[in-house]
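Structure file start-v9.cif; described as mmCIF, C-alpha atoms and all ligand atoms.
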```cif
data_coords
#
loop_
_atom_site.label_atom_id
_atom_site.label_comp_id
_atom_site.auth_asym_id
_atom_site.auth_seq_id
_atom_site.Cartn_x
_atom_site.Cartn_y
_atom_site.Cartn_z
CA MET A 1 0.00 0.00 0.00
CA ARG A 2 1.41 3.35 -0.99
CA HIS A 3 1.58 5.81 1.86
CA SER A 4 1.64 9.27 0.39
CA THR A 5 1.60 12.47 2.35
CA VAL A 6 1.02 15.90 0.91
CA THR A 7 3.57 18.52 1.63
CA ASP A 8 2.44 21.27 -0.77
CA THR A 9 -0.34 23.09 1.06
CA THR A 10 -0.48 26.10 -1.28
CA PRO A 11 -4.29 26.63 -1.21
CA GLU A 12 -4.77 26.45 -4.99
CA ARG A 13 -2.84 23.15 -5.10
CA VAL A 14 -4.81 21.45 -2.33
CA PRO A 15 -7.33 19.19 -4.06
CA PHE A 16 -10.93 19.23 -2.80
CA GLY A 17 -11.98 16.13 -0.85
CA GLU A 18 -8.74 14.19 -0.73
CA LEU A 19 -6.61 15.17 2.25
CA PHE A 20 -8.42 13.44 5.06
CA THR A 21 -7.39 13.87 8.68
CA HIS A 22 -6.36 11.04 11.00
CA HIS A 23 -9.63 10.27 12.77
CA MET A 24 -13.36 9.89 12.27
CA VAL A 25 -16.31 9.89 14.65
CA THR A 26 -18.96 7.18 14.52
CA ALA A 27 -22.32 6.50 16.19
CA HIS A 28 -24.97 3.84 15.62
CA TRP A 29 -28.74 3.71 15.88
CA THR A 30 -31.06 0.85 16.75
CA GLY A 31 -34.79 0.99 17.42
CA GLN A 32 -34.18 -0.20 20.96
CA ASP A 33 -31.35 2.11 22.03
CA GLY A 34 -31.63 5.11 19.69
CA TRP A 35 -28.33 6.82 18.79
CA SER A 36 -25.22 5.72 20.71
CA ALA A 37 -22.77 8.31 22.03
CA PRO A 38 -20.34 9.50 19.31
CA ARG A 39 -16.94 7.78 19.42
CA LEU A 40 -13.57 8.91 18.05
CA GLU A 41 -11.70 6.28 16.02
CA PRO A 42 -8.81 6.21 13.57
CA PHE A 43 -9.93 7.07 10.00
CA GLY A 44 -10.32 3.73 8.26
CA ASP A 45 -12.35 1.56 5.93
CA LEU A 46 -15.85 0.52 6.96
CA ARG A 47 -17.14 -3.02 7.22
CA MET A 48 -20.56 -3.43 5.67
CA SER A 49 -22.91 -6.12 4.46
CA PRO A 50 -23.22 -6.42 0.68
CA ALA A 51 -26.98 -6.05 1.32
CA MET A 52 -26.70 -2.73 3.19
CA VAL A 53 -29.80 -0.58 2.57
CA GLY A 54 -27.86 2.68 2.10
CA LEU A 55 -25.84 1.14 -0.71
CA HIS A 56 -28.82 -0.29 -2.62
CA TYR A 57 -31.64 2.17 -2.02
CA GLY A 58 -29.74 5.34 -1.18
CA GLN A 59 -31.14 6.06 2.27
CA VAL A 60 -28.26 8.47 2.95
CA VAL A 61 -28.15 12.16 3.92
CA PHE A 62 -25.16 14.38 4.65
CA GLU A 63 -23.89 17.85 5.52
CA GLY A 64 -20.83 19.97 4.74
CA LEU A 65 -19.48 22.57 7.15
CA LYS A 66 -16.14 24.21 7.69
CA ALA A 67 -13.70 25.02 10.50
CA TYR A 68 -11.14 27.83 10.26
CA ARG A 69 -7.91 28.33 12.17
CA ARG A 70 -7.91 30.71 15.09
CA GLU A 71 -4.96 30.70 17.45
CA GLU A 72 -2.33 27.99 17.45
CA ASP A 73 -4.58 25.64 19.43
CA ALA A 74 -8.10 26.57 18.36
CA VAL A 75 -10.38 26.41 15.34
CA ALA A 76 -13.77 28.06 14.77
CA VAL A 77 -16.65 26.15 13.17
CA PHE A 78 -19.03 28.17 10.98
CA ARG A 79 -22.75 27.93 11.86
CA PRO A 80 -22.73 24.30 13.12
CA ASP A 81 -26.21 24.70 14.66
CA ASP A 82 -27.68 25.58 11.27
CA HIS A 83 -26.00 22.58 9.66
CA ALA A 84 -27.28 20.35 12.48
CA ALA A 85 -30.81 21.66 11.91
CA ARG A 86 -30.59 21.03 8.15
CA LEU A 87 -29.26 17.50 8.78
CA ARG A 88 -32.35 16.89 10.92
CA ARG A 89 -34.63 18.13 8.12
CA SER A 90 -32.81 15.98 5.54
CA ALA A 91 -33.07 12.94 7.85
CA GLU A 92 -36.80 13.48 8.29
CA ARG A 93 -37.36 13.62 4.50
CA LEU A 94 -35.46 10.33 4.02
CA ALA A 95 -37.12 8.56 6.99
CA VAL A 96 -33.77 8.41 8.82
CA PRO A 97 -33.97 8.77 12.64
CA ALA A 98 -32.88 12.30 13.46
CA LEU A 99 -29.54 12.82 15.19
CA ALA A 100 -29.89 15.31 18.06
CA ASP A 101 -28.20 18.63 17.25
CA ASP A 102 -26.12 18.25 20.41
CA THR A 103 -24.81 14.88 19.26
CA LEU A 104 -23.57 16.42 16.02
CA LEU A 105 -21.92 19.28 17.93
CA GLN A 106 -20.32 16.77 20.31
CA ALA A 107 -18.99 14.79 17.33
CA VAL A 108 -17.58 17.98 15.76
CA ASP A 109 -15.87 18.86 19.07
CA LEU A 110 -14.36 15.34 19.35
CA LEU A 111 -12.99 15.33 15.81
CA LEU A 112 -11.64 18.87 15.93
CA ALA A 113 -10.07 18.40 19.36
CA ALA A 114 -8.15 15.46 17.90
CA ASP A 115 -7.48 16.67 14.34
CA GLY A 116 -7.86 20.47 14.35
CA GLY A 117 -4.06 20.62 14.40
CA CYS A 118 -4.01 19.09 10.89
CA LEU A 119 -5.15 22.46 9.54
CA PRO A 120 -2.06 24.43 8.53
CA ASP A 121 -2.01 28.02 9.74
CA GLN A 122 -2.26 29.37 6.23
CA PRO A 123 -4.79 31.82 4.77
CA GLY A 124 -7.13 30.17 2.29
CA LEU A 125 -7.14 26.75 3.96
CA SER A 126 -9.94 25.31 6.05
CA LEU A 127 -11.11 21.96 7.37
CA TYR A 128 -14.23 20.71 5.60
CA LEU A 129 -16.31 18.51 7.91
CA ARG A 130 -18.57 15.90 6.35
CA PRO A 131 -21.22 14.31 8.58
CA VAL A 132 -23.18 11.44 6.98
CA LEU A 133 -26.19 9.44 8.19
CA TYR A 134 -26.83 6.17 6.37
CA ALA A 135 -29.03 3.10 6.58
CA SER A 136 -26.65 0.36 7.71
CA GLU A 137 -29.06 -2.57 8.04
CA ALA A 138 -28.61 -5.56 5.75
CA HIS A 139 -31.91 -6.21 4.00
CA LEU A 140 -33.35 -5.69 0.55
CA ALA A 141 -37.06 -5.34 1.32
CA LEU A 142 -38.30 -1.92 0.27
CA ARG A 143 -38.85 -0.32 3.69
CA PRO A 144 -36.85 2.08 5.89
CA ALA A 145 -33.93 0.37 7.59
CA ARG A 146 -33.96 -0.61 11.26
CA GLN A 147 -30.28 0.21 11.81
CA TYR A 148 -28.40 3.40 10.95
CA ALA A 149 -24.88 4.73 11.29
CA PHE A 150 -23.41 8.21 11.62
CA LEU A 151 -19.95 9.16 10.41
CA LEU A 152 -18.02 12.39 10.66
CA ILE A 153 -14.82 12.80 8.65
CA ALA A 154 -12.76 15.88 7.76
CA PHE A 155 -10.36 17.00 5.07
CA VAL A 156 -8.11 19.99 4.52
CA THR A 157 -9.30 22.12 1.61
CA GLY A 158 -8.29 25.24 -0.24
CA GLY A 159 -11.68 25.69 -1.92
CA PHE A 160 -13.94 23.97 -4.38
CA PHE A 161 -12.72 25.88 -7.44
CA SER A 162 -9.85 27.82 -5.90
CA ASP A 163 -9.36 29.93 -2.79
CA ARG A 164 -9.32 33.00 -5.07
CA PRO A 165 -12.40 34.67 -6.56
CA ASP A 166 -11.60 33.61 -10.15
CA PRO A 167 -14.69 33.68 -12.39
CA VAL A 168 -16.20 30.45 -13.66
CA THR A 169 -17.99 29.75 -16.95
CA VAL A 170 -21.36 28.07 -16.56
CA TRP A 171 -23.54 26.01 -18.89
CA VAL A 172 -27.34 26.01 -18.88
CA GLY A 173 -28.49 22.39 -18.59
CA ARG A 174 -31.41 21.74 -20.95
CA ASP A 175 -31.53 17.92 -21.04
CA HIS A 176 -31.80 17.11 -17.34
CA THR A 177 -33.41 18.57 -14.23
CA ARG A 178 -32.12 18.39 -10.67
CA ALA A 179 -35.25 18.39 -8.54
CA ALA A 180 -39.03 18.33 -8.80
CA PRO A 181 -41.74 19.77 -6.54
CA GLY A 182 -42.35 17.31 -3.71
CA GLY A 183 -38.97 15.65 -4.32
CA THR A 184 -35.73 15.88 -2.39
CA GLY A 185 -34.11 19.01 -3.89
CA GLY A 186 -34.63 21.04 -0.72
CA VAL A 187 -32.62 18.68 1.50
CA LYS A 188 -29.06 17.40 1.43
CA TYR A 189 -29.78 13.93 0.12
CA ALA A 190 -26.88 11.92 -1.34
CA GLY A 191 -29.03 10.97 -4.35
CA ASN A 192 -29.29 14.60 -5.47
CA TYR A 193 -25.65 14.59 -6.51
CA ALA A 194 -24.78 11.60 -8.74
CA PRO A 195 -27.63 12.39 -11.20
CA SER A 196 -25.90 15.71 -11.89
CA TYR A 197 -22.74 14.04 -13.21
CA ALA A 198 -24.09 13.45 -16.73
CA ALA A 199 -25.03 17.13 -17.05
CA GLN A 200 -21.72 18.15 -15.48
CA GLU A 201 -19.93 16.10 -18.15
CA GLN A 202 -21.93 17.88 -20.89
CA ALA A 203 -20.90 21.19 -19.32
CA ARG A 204 -17.26 20.10 -19.28
CA GLN A 205 -17.44 19.08 -22.93
CA ALA A 206 -18.83 22.54 -23.71
CA GLY A 207 -15.77 24.03 -21.98
CA CYS A 208 -17.70 25.09 -18.86
CA ASP A 209 -17.04 24.62 -15.16
CA GLN A 210 -20.56 24.04 -13.83
CA VAL A 211 -24.18 23.33 -14.77
CA VAL A 212 -26.98 25.83 -14.24
CA TRP A 213 -30.16 24.01 -13.21
CA LEU A 214 -33.49 25.32 -14.46
CA ASP A 215 -36.85 24.66 -12.82
CA PRO A 216 -38.28 21.25 -13.77
CA VAL A 217 -41.74 22.45 -14.89
CA GLU A 218 -41.32 25.42 -17.24
CA ARG A 219 -37.59 24.92 -17.73
CA ARG A 220 -36.98 28.64 -17.66
CA TRP A 221 -36.41 29.75 -14.05
CA VAL A 222 -32.82 29.64 -12.83
CA GLU A 223 -32.58 27.51 -9.67
CA GLU A 224 -29.06 26.44 -8.71
CA LEU A 225 -25.54 26.01 -9.97
CA GLY A 226 -24.17 22.48 -9.52
CA GLY A 227 -24.18 22.01 -5.75
CA MET A 228 -24.32 25.77 -5.10
CA ASN A 229 -26.86 28.59 -4.84
CA LEU A 230 -26.86 31.49 -7.29
CA PHE A 231 -27.09 35.25 -6.72
CA PHE A 232 -27.67 38.09 -9.21
CA VAL A 233 -26.79 41.75 -8.71
CA ARG A 234 -28.90 44.42 -10.43
CA GLY A 235 -27.43 47.91 -10.66
CA SER A 236 -24.38 49.11 -8.80
CA GLY A 237 -23.16 51.22 -5.88
CA PRO A 238 -25.46 51.89 -2.93
CA SER A 239 -28.56 51.24 -5.06
CA ALA A 240 -27.45 47.70 -6.07
CA GLN A 241 -29.99 44.93 -5.47
CA VAL A 242 -28.95 41.42 -4.49
CA ILE A 243 -31.34 38.75 -5.76
CA THR A 244 -31.44 35.00 -5.26
CA PRO A 245 -34.09 32.48 -6.37
CA PRO A 246 -36.58 31.69 -3.58
CA ALA A 247 -36.09 28.42 -1.70
CA THR A 248 -39.49 26.94 -2.46
CA GLY A 249 -38.50 23.30 -2.08
CA THR A 250 -36.58 22.44 -5.23
CA LEU A 251 -33.33 24.13 -4.30
CA LEU A 252 -31.14 23.64 -1.26
CA PRO A 253 -31.44 26.47 1.29
CA GLY A 254 -27.68 26.96 1.74
CA VAL A 255 -26.20 28.14 5.02
CA THR A 256 -23.82 30.33 2.98
CA ARG A 257 -26.82 31.62 0.99
CA ASP A 258 -28.53 32.62 4.24
CA SER A 259 -25.30 34.21 5.56
CA LEU A 260 -24.91 36.30 2.38
CA LEU A 261 -28.53 37.48 2.50
CA HIS A 262 -27.83 38.64 6.06
CA LEU A 263 -24.51 40.30 5.18
CA ALA A 264 -25.95 42.03 2.10
CA ALA A 265 -28.73 43.53 4.23
CA ARG A 266 -26.08 44.60 6.76
CA GLN A 267 -24.28 46.41 3.90
CA GLN A 268 -27.55 48.34 3.30
CA LEU A 269 -28.12 46.62 -0.05
CA ALA A 270 -31.65 45.81 -1.16
CA VAL A 271 -32.05 42.04 -0.86
CA ARG A 272 -34.75 40.07 -2.65
CA GLU A 273 -35.65 36.39 -3.01
CA GLU A 274 -37.35 36.30 -6.40
CA PRO A 275 -37.30 34.12 -9.51
CA VAL A 276 -35.02 35.09 -12.41
CA SER A 277 -35.59 33.42 -15.78
CA VAL A 278 -32.74 32.43 -18.04
CA GLY A 279 -34.19 34.84 -20.64
CA GLN A 280 -34.10 37.71 -18.13
CA TRP A 281 -30.57 36.77 -17.11
CA LYS A 282 -29.40 37.03 -20.71
CA ALA A 283 -31.35 40.18 -21.64
CA GLU A 284 -30.39 41.99 -18.43
CA CYS A 285 -26.71 41.09 -18.78
CA LEU A 286 -26.78 42.41 -22.35
CA ASP A 287 -28.51 45.68 -21.41
CA GLY A 288 -26.38 46.13 -18.27
CA THR A 289 -29.19 45.73 -15.69
CA ILE A 290 -27.63 42.58 -14.21
CA THR A 291 -24.09 43.61 -13.38
CA GLU A 292 -22.85 40.56 -11.46
CA THR A 293 -23.71 36.92 -10.82
CA PHE A 294 -22.07 34.68 -8.25
CA ALA A 295 -22.41 31.22 -6.77
CA SER A 296 -22.36 30.48 -3.06
CA GLY A 297 -21.81 27.37 -0.99
CA THR A 298 -19.80 25.98 1.89
CA ALA A 299 -17.30 24.50 -0.53
CA ALA A 300 -17.40 27.32 -3.14
CA VAL A 301 -17.72 30.21 -0.59
CA VAL A 302 -18.45 33.03 -3.12
CA THR A 303 -17.47 32.34 -6.72
CA PRO A 304 -18.14 34.86 -9.52
CA VAL A 305 -19.76 33.75 -12.76
CA GLY A 306 -18.00 35.34 -15.74
CA VAL A 307 -19.67 33.81 -18.79
CA VAL A 308 -22.91 31.86 -19.37
CA ARG A 309 -23.39 29.38 -22.25
CA ASP A 310 -26.85 28.28 -23.32
CA GLY A 311 -26.63 25.99 -26.34
CA ALA A 312 -25.09 27.97 -29.16
CA GLN A 313 -25.53 31.30 -27.35
CA SER A 314 -23.27 32.76 -24.73
CA TRP A 315 -23.10 36.02 -22.83
CA GLN A 316 -20.76 37.74 -20.43
CA VAL A 317 -21.87 38.88 -16.98
CA GLY A 318 -20.73 42.44 -16.30
CA THR A 319 -17.01 42.74 -16.92
CA GLY A 320 -16.60 38.95 -16.88
CA ARG A 321 -14.64 39.28 -13.63
CA ALA A 322 -15.57 39.44 -9.94
CA GLY A 323 -17.67 42.57 -9.45
CA PRO A 324 -17.60 44.96 -6.46
CA VAL A 325 -20.72 43.57 -4.74
CA THR A 326 -19.46 39.99 -5.13
CA LEU A 327 -16.08 40.94 -3.69
CA ALA A 328 -17.54 42.99 -0.83
CA LEU A 329 -19.84 40.13 0.20
CA ARG A 330 -17.06 37.58 -0.16
CA ASP A 331 -14.72 39.69 1.95
CA ALA A 332 -17.37 40.22 4.63
CA LEU A 333 -17.93 36.46 4.84
CA VAL A 334 -14.25 35.49 4.75
CA ASP A 335 -13.46 38.11 7.41
CA ILE A 336 -15.96 36.40 9.71
CA HIS A 337 -14.54 32.95 8.86
CA THR A 338 -11.02 34.06 9.66
CA GLY A 339 -11.89 36.14 12.72
CA ARG A 340 -10.90 39.49 11.14
CA ALA A 341 -14.48 40.72 11.71
CA PRO A 342 -16.85 39.88 14.55
CA ALA A 343 -19.44 37.23 13.75
CA PRO A 344 -23.16 37.67 14.33
CA GLU A 345 -24.29 36.00 17.55
CA GLY A 346 -24.27 32.20 17.35
CA TRP A 347 -22.42 31.87 14.03
CA LEU A 348 -19.11 30.52 15.34
CA ARG A 349 -18.23 27.67 17.69
CA THR A 350 -14.63 27.69 18.92
CA VAL A 351 -13.02 24.33 19.63
CA ARG A 352 -9.66 23.87 21.35
CA THR A 353 -7.41 21.43 19.57
CA GLN A 354 -5.23 18.99 21.48
CA GLY A 355 -1.65 19.82 20.68
CA SER A 356 -0.66 21.27 17.38
CA ARG A 357 -0.04 18.87 14.58
CA PRO A 358 0.17 21.23 11.63
CA GLY A 359 1.06 20.19 8.16
CA PRO A 360 0.10 17.34 5.97
CA ALA A 361 -2.98 15.33 6.56
CA ARG A 362 -3.01 11.85 5.08
CA SER A 363 -4.17 11.60 1.52
CA GLN A 364 -7.00 9.23 0.69
CA GLU A 365 -4.55 7.01 -1.12
CA SER A 366 -2.64 6.31 2.03
CA LEU A 367 -5.84 5.13 3.67
CA VAL A 368 -7.56 3.09 0.99
CA GLY A 369 -4.36 1.87 -0.64
CA SER A 370 -3.68 2.14 -4.31
CA GLY A 371 -2.00 -1.24 -4.64
CA GLN A 372 1.21 0.39 -5.82
C1 LIG B 1 -20.99 22.16 -0.10
O1 LIG B 1 -20.83 23.29 -0.55
O2 LIG B 1 -20.70 21.87 1.08
C2 LIG B 1 -21.51 21.08 -0.92
O3 LIG B 1 -22.24 20.33 -0.39
C3 LIG B 1 -21.16 20.95 -2.35
C4 LIG B 1 -20.57 19.63 -2.72
C5 LIG B 1 -19.10 19.53 -2.44
C6 LIG B 1 -21.31 18.42 -2.29
#
```
The structure in this file should be written as structure tokens.
Ligand code: COI
Amino acid sequence: MRHSTVTDTTPERVPFGELFTHHMVTAHWTGQDGWSAPRLEPFGDLRMSPAMVGLHYGQVVFEGLKAYRREEDAVAVFRPDDHAARLRRSAERLAVPALADDTLLQAVDLLLAADGGCLPDQPGLSLYLRPVLYASEAHLALRPARQYAFLLIAFVTGGFFSDRPDPVTVWVGRDHTRAAPGGTGGVKYAGNYAPSYAAQEQARQAGCDQVVWLDPVERRWVEELGGMNLFFVRGSGPSAQVITPPATGTLLPGVTRDSLLHLAARQQLAVREEPVSVGQWKAECLDGTITETFASGTAAVVTPVGVVRDGAQSWQVGTGRAGPVTLALRDALVDIHTGRAPAPEGWLRTVRTQGSRPGPARSQESLVGSGQ
């Protein structure tokens, strides 16, 4: 088994989702005992039955939240209570027994106390925490499982695209839809993601970074961008308006989305949740009404959209680069993440790390083995 460690932690060279830390936290649920107390263990492969429900029928929900370095021996977790609440809502939709918010917070504390030191003290890097709840029972009858497991793992990341606000080119998906009314689009269900890969591949072949999802009924209202929310800016200066599609059930109500709505209002900008059609997006970019567009998410933070492609047509958003509203909102958010600006009440949870173990986390290869 090859044991590779990563020594280059330049944020733009740190791959997303590969540099896992040394431990994980687990808990288990049975009908009789409910959820067990979370337990810290070395990061390692799982044992599972080939008939595990989560594997066959996808009864799996997850979250994504981040921790940022504070002092030498502390990290700050961004809005863990809101992520715990969304995990509960996702669990309810997928008939998974809810994990108490406190249990998730306890698990986060355990993992960060042990592995927070894996986060190098370097601007642009953070620890991405991934809690997962999955049906662990072995049976293939079509009913909710009677056993579940919880896992919390973490990896060092520089950003989903990059830690810098470089603009991305996006592609309007016309052949597939992401979510339907009454479906699972409004929760963080594992099955929302793999169906996007075919559209993502079409986007890549068209030379674009991400897919723009349209509403599933009229196929004209802009909903989301890949696994991120979208924002539009109309106008400029103090009279700029910040607009995002309303979270009416088919798009994920992002914690970053909510944070940006709050921060935009704090910057005295007019903030609106209202539908924007792809036709409006194009026409208003061409006539200069829409001046900026950006994506938001835990992984993507705030990422400007420079160019949109829709079939044979394409148009530039504003200057094609990060605009002033995008940058001001991004800075306001990153300043809170990094502790340069005070956070609104309840947004940050500080966790003391045990000893400092900065530097390379173990890459996935070292843990699963590549056979080389
Ligand atoms: C996030 O921004 O945390 C996401 O969930 C996107 C993706 C990496 C799953």
Surrounding residues of range 176-189 of chain A excluding itself and chain neighbours under 6 positions, 8 Å, only C-alpha atoms, as JSON, numbers by chain: {"A": [60, 61, 62, 63, 86, 87, 89, 90, 93, 94, 195, 196, 199, 213, 214, 215, 216, 217, 247, 248, 249, 250, 251, 252, 253]}
Those same residues - C-alpha atoms - I'd like them written as an mmCIF file, keeping the file's coordinate frame.
```cif
data_model
loop_
_atom_site.group_PDB
_atom_site.id
_atom_site.type_symbol
_atom_site.label_atom_id
_atom_site.label_comp_id
_atom_site.auth_asym_id
_atom_site.auth_seq_id
_atom_site.Cartn_x
_atom_site.Cartn_y
_atom_site.Cartn_z
ATOM 1 C CA VAL A 60 -28.260 8.470 2.950
ATOM 2 C CA VAL A 61 -28.150 12.160 3.920
ATOM 3 C CA PHE A 62 -25.160 14.380 4.650
ATOM 4 C CA GLU A 63 -23.890 17.850 5.520
ATOM 5 C CA ARG A 86 -30.590 21.030 8.150
ATOM 6 C CA LEU A 87 -29.260 17.500 8.780
ATOM 7 C CA ARG A 89 -34.630 18.130 8.120
ATOM 8 C CA SER A 90 -32.810 15.980 5.540
ATOM 9 C CA ARG A 93 -37.360 13.620 4.500
ATOM 10 C CA LEU A 94 -35.460 10.330 4.020
ATOM 11 C CA PRO A 195 -27.630 12.390 -11.200
ATOM 12 C CA SER A 196 -25.900 15.710 -11.890
ATOM 13 C CA ALA A 199 -25.030 17.130 -17.050
ATOM 14 C CA TRP A 213 -30.160 24.010 -13.210
ATOM 15 C CA LEU A 214 -33.490 25.320 -14.460
ATOM 16 C CA ASP A 215 -36.850 24.660 -12.820
ATOM 17 C CA PRO A 216 -38.280 21.250 -13.770
ATOM 18 C CA VAL A 217 -41.740 22.450 -14.890
ATOM 19 C CA ALA A 247 -36.090 28.420 -1.700
ATOM 20 C CA THR A 248 -39.490 26.940 -2.460
ATOM 21 C CA GLY A 249 -38.500 23.300 -2.080
ATOM 22 C CA THR A 250 -36.580 22.440 -5.230
ATOM 23 C CA LEU A 251 -33.330 24.130 -4.300
ATOM 24 C CA LEU A 252 -31.140 23.640 -1.260
ATOM 25 C CA PRO A 253 -31.440 26.470 1.290
#
```
Shell of 8 Å around ligand LIG 1 (chain B) (all atoms listed in the file), written as an MDAnalysis selection string: chainID A and resid 63:65 128 160 188 193 226:228 296:301
Counting only C-alpha atoms, the residue of A:Gln122, A:Gln202, A:Thr256, A:Ser239 that sits nearest Thr10 in chain A: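 That would be A:Gln122, the residue with the smallest distance to Thr10 in chain A.
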Residues within 12 Å of (-30.4, 3.3, 21.1), counting all atoms listed in the file, listed as a PyMOL selection string: chain A and resi 27-38+97+99+146-149
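With only C-alpha atoms as the atoms that count, the residue of A:Gly254, A:Gly158, A:Pro324, A:Gly279 with the shortest distance to Pro238 in chain A is A:Pro324.
As for CA of Arg309 in chain A and CA of Asp175 in chain A, they are spaced 14.1 Å apart.
Residue nearest Ala145 in chain A, chosen from A:Cys208, A:Ala113, A:Val53, A:Ala98 and counting only C-alpha atoms: A:Val53.
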Residue nearest Glu72 in chain A - candidates A:Arg352, A:Arg220, A:Arg47, A:His23, atoms counted: all atoms listed in the file: A:Arg352
Between CA of Thr303 in chain A and CA of Asp121 in chain A - distance in Å to one decimal: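 Answer for the CA of Asp121 in chain A to CA of Thr303 in chain A separation: 23.0 Å.
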d(CA of Ala67 in chain A, CA of Val156 in chain A) in Å: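 So the two atoms, CA of Ala67 in chain A and CA of Val156 in chain A, lie 9.6 Å apart.
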